[in-house]
Amino acid sequence: YSEEALEPHISAKTLQFHYGKHHKSYVEKANNLIKGTEFENQDMEDIIRKTHGDSGNTAIFNNTAQAWNHSFYWHCMKPNGGGKPAGEIAKRLKSDFGTFEKFVEEFRSAGATQFGSGWAWLVYMDGRLKVMNTLNADTPIAHGLKPLLTVDVWEHAYYLDYQNKRADFLDAFIKNLINWDFV
Ligand code: MN
C-alpha cells in the first residue's frame, strides 16, 4: 500500500520515516553486519534464533530482528482494516480468550503496558493463541513461537500522529488497521 493508505490513523509522514528511514536502516545495518560472517547466507529466522542472547552478536540480533519485525508489522495492517475477524481466527480467539472483546482488552493492555520500546503480539503457542509483549528488538521468533499479529509500540511508530497518547494509537490500530486476512 502507499504511504497515504493508512491515513488518518497513521499519516504518510509517519510511514515515510518509519518505513523509509527506521526500517531501511535496520535492513542496511543487518546486511552490513552479517557480511563476511557465518550468518551471511543464512535465513533471517535462523540468524535471529542463533544470535538471541549471544552477547558477541547483539548488534546482528537487534538489527535482524527489527528488520523481520517491521516486515511482519506492515503485513498486519491494511486500509479499512480492523474490526472483528471472521472464520477460523474468530473461532480461535473466542475459544482461547472467551470473547473477541477479551482478546482486544489483553492485546491493548500488552501494548499500553510495555515499558519503553517494544512490541505487542498475538502468537500461537502450545496449541493455543496467546498475547505477549517484547522489549526493544525481541521477537517471538527468537523463542520458537509463531507470531500471528503485532503492533509496534516504539515511539517512532506513533509519536508524529499521537504524541504521548500510545493508547489512542492502539485503539486506532485495533479498530481501523488490523489486516485479519493476513492474521
Ligand atoms: Mn518501528
# chains A, B, ... in the order shown; residues from 1 in each chain; ligands from 1
>>> select_by_dssp(residues="segment 50-150 of chain A", states="strand (DSSP E)", output="PyMOL selection string")
chain A and resi 118-125+128-135+146-150
>>> residues_around(residues="Leu93 of chain A", least_positions_apart="6", cutoff="8 Å", atoms="only C-alpha atoms", output="count of residues only")
4
>>> residues_near_ligand(ligand="ligand 1", cutoff="10 Å", atoms="only C-alpha atoms and all ligand atoms", output="number ranges by chain")
A: 15, 17-19, 21-23, 26, 66-67, 69-71, 73-74, 117-119, 136-137, 151-158
>>> residues_around(residues="Asn80 of chain A", least_positions_apart="4", cutoff="9 Å", atoms="only C-alpha atoms", output="PyMOL selection string")
chain A and resi 6+176-179
>>> atom_distance(atom1="atom CA of Ala110 of chain A", atom2="atom CA of Glu7 of chain A")
24.1 Å
>>> closest_atom_pairs(of="segment 119-155 of chain A", to="segment 35-51 of chain A", cutoff="8 Å", atoms="only C-alpha atoms", output="Markdown table")
| residue | atom | partner | partner_atom | distance |
| --- | --- | --- | --- | --- |
| A:Ile141 | CA | A:Glu45 | CA | 6.7 |
| A:Ala142 | CA | A:Arg49 | CA | 4.6 |
| A:His143 | CA | A:Arg49 | CA | 7.3 |
| A:Gly144 | CA | A:Arg49 | CA | 7.8 |
>>> write_last_selection(atoms="all heavy atoms", output="PDB file, in the first residue's frame")
ATOM      1  N   ILE A 141       9.937 -14.969  17.382  1.00  0.00           N
ATOM      2  CA  ILE A 141      10.766 -15.845  16.544  1.00  0.00           C
ATOM      3  C   ILE A 141      11.965 -16.379  17.335  1.00  0.00           C
ATOM      4  O   ILE A 141      12.342 -17.537  17.220  1.00  0.00           O
ATOM      5  CB  ILE A 141      11.285 -15.056  15.307  1.00  0.00           C
ATOM      6  CG1 ILE A 141      10.125 -14.649  14.399  1.00  0.00           C
ATOM      7  CG2 ILE A 141      12.337 -15.841  14.532  1.00  0.00           C
ATOM      8  CD1 ILE A 141       9.437 -15.780  13.711  1.00  0.00           C
ATOM      9  N   ALA A 142      12.540 -15.508  18.185  1.00  0.00           N
ATOM     10  CA  ALA A 142      13.715 -15.892  18.968  1.00  0.00           C
ATOM     11  C   ALA A 142      13.384 -16.953  20.002  1.00  0.00           C
ATOM     12  O   ALA A 142      14.272 -17.640  20.503  1.00  0.00           O
ATOM     13  CB  ALA A 142      14.306 -14.664  19.661  1.00  0.00           C
ATOM     14  N   HIS A 143      12.097 -17.090  20.334  1.00  0.00           N
ATOM     15  CA  HIS A 143      11.677 -18.013  21.391  1.00  0.00           C
ATOM     16  C   HIS A 143      10.927 -19.219  20.833  1.00  0.00           C
ATOM     17  O   HIS A 143      10.249 -19.927  21.575  1.00  0.00           O
ATOM     18  CB  HIS A 143      10.804 -17.250  22.404  1.00  0.00           C
ATOM     19  CG  HIS A 143      11.481 -16.024  22.945  1.00  0.00           C
ATOM     20  ND1 HIS A 143      12.350 -16.047  24.010  1.00  0.00           N
ATOM     21  CD2 HIS A 143      11.459 -14.726  22.507  1.00  0.00           C
ATOM     22  CE1 HIS A 143      12.817 -14.823  24.229  1.00  0.00           C
ATOM     23  NE2 HIS A 143      12.296 -14.009  23.335  1.00  0.00           N
ATOM     24  N   GLY A 144      11.017 -19.398  19.511  1.00  0.00           N
ATOM     25  CA  GLY A 144      10.380 -20.559  18.890  1.00  0.00           C
ATOM     26  C   GLY A 144       8.867 -20.499  18.822  1.00  0.00           C
ATOM     27  O   GLY A 144       8.202 -21.516  18.651  1.00  0.00           O
TER      28      GLY A 144
END
>>> select_by_dssp(residues="segment 103-137 of chain A", states="helix (DSSP H, G or I)", output="MDAnalysis selection string")
chainID A and resid 103:113
>>> residues_around(residues="Glu3 of chain A", least_positions_apart="6", cutoff="9 Å", atoms="only C-alpha atoms", output="list in words")
Ser11, Ala12, Lys13, Thr14, Leu15, Gln16 and Tyr19 of chain A
>>> atom_distance(atom1="atom CA of Tyr124 of chain A", atom2="atom CA of Leu145 of chain A")
6.4 Å
>>> residues_around(residues="Lys146 of chain A", least_positions_apart="3", cutoff="12 Å", atoms="only C-alpha atoms", output="list of chain:residue names")
A:Glu45, A:Phe72, A:Trp121, A:Leu122, A:Val123, A:Tyr124, A:Met125, A:Asp126, A:Gly127, A:Arg128, A:Leu129, A:Lys130, A:Val131, A:Met132, A:Thr139, A:Pro140, A:Ile141, A:Ala142, A:His143, A:Leu149, A:Thr150, A:Val183
>>> write_last_selection(atoms="N, CA and C atoms", output="compact mmCIF listing (two decimals), in the first residue's frame")
# COMPACT_ATOMS: atom_id res chain seq x y z
N GLU A 45 15.32 -15.92 10.03
CA GLU A 45 14.79 -16.52 11.27
C GLU A 45 15.85 -17.36 11.97
N PHE A 72 7.02 -7.88 9.07
CA PHE A 72 5.81 -8.56 9.55
C PHE A 72 4.72 -7.54 9.92
N TRP A 121 2.10 -8.63 20.76
CA TRP A 121 1.92 -9.74 19.81
C TRP A 121 0.73 -10.62 20.14
N LEU A 122 0.18 -11.22 19.09
CA LEU A 122 -0.67 -12.40 19.24
C LEU A 122 0.16 -13.53 18.66
N VAL A 123 0.37 -14.58 19.45
CA VAL A 123 1.20 -15.70 18.99
C VAL A 123 0.44 -17.01 19.15
N TYR A 124 0.92 -18.02 18.43
CA TYR A 124 0.43 -19.38 18.56
C TYR A 124 1.48 -20.15 19.35
N MET A 125 1.04 -20.74 20.46
CA MET A 125 2.00 -21.35 21.39
C MET A 125 1.35 -22.54 22.09
N ASP A 126 1.99 -23.68 22.03
CA ASP A 126 1.46 -24.89 22.69
C ASP A 126 -0.01 -25.14 22.35
N GLY A 127 -0.36 -25.00 21.08
CA GLY A 127 -1.71 -25.32 20.64
C GLY A 127 -2.78 -24.30 20.94
N ARG A 128 -2.36 -23.13 21.42
CA ARG A 128 -3.37 -22.08 21.67
C ARG A 128 -2.83 -20.69 21.35
N LEU A 129 -3.77 -19.74 21.23
CA LEU A 129 -3.39 -18.35 20.97
C LEU A 129 -3.07 -17.67 22.30
N LYS A 130 -2.08 -16.77 22.24
CA LYS A 130 -1.66 -16.10 23.47
C LYS A 130 -1.20 -14.68 23.12
N VAL A 131 -1.45 -13.74 24.03
CA VAL A 131 -0.96 -12.37 23.86
C VAL A 131 0.31 -12.20 24.66
N MET A 132 1.30 -11.50 24.10
CA MET A 132 2.53 -11.23 24.84
C MET A 132 3.11 -9.90 24.36
N THR A 139 11.67 -10.68 19.79
CA THR A 139 10.63 -11.16 18.89
C THR A 139 10.26 -12.60 19.24
N PRO A 140 9.00 -12.99 19.08
CA PRO A 140 8.61 -14.38 19.35
C PRO A 140 9.43 -15.39 18.55
N ILE A 141 9.94 -14.97 17.38
CA ILE A 141 10.77 -15.85 16.54
C ILE A 141 11.97 -16.38 17.34
N ALA A 142 12.54 -15.51 18.19
CA ALA A 142 13.72 -15.89 18.97
C ALA A 142 13.38 -16.95 20.00
N HIS A 143 12.10 -17.09 20.33
CA HIS A 143 11.68 -18.01 21.39
C HIS A 143 10.93 -19.22 20.83
N LEU A 149 0.18 -11.72 14.81
CA LEU A 149 -0.18 -10.30 14.71
C LEU A 149 0.78 -9.51 15.60
N THR A 150 1.17 -8.33 15.12
CA THR A 150 1.96 -7.46 16.00
C THR A 150 1.61 -6.00 15.80
N VAL A 183 -3.60 -12.17 9.30
CA VAL A 183 -3.50 -12.89 10.58
C VAL A 183 -4.04 -14.31 10.41
>>> closest_residue(among="A:Trp68, A:Phe115, A:Phe97, A:Tyr1", to="Ala30 of chain A", atoms="only C-alpha atoms")
A:Trp68
>>> closest_residue(among="A:His75, A:Asn63, A:Asp181, A:Gly82", to="Glu28 of chain A", atoms="only C-alpha atoms")
A:Asn63
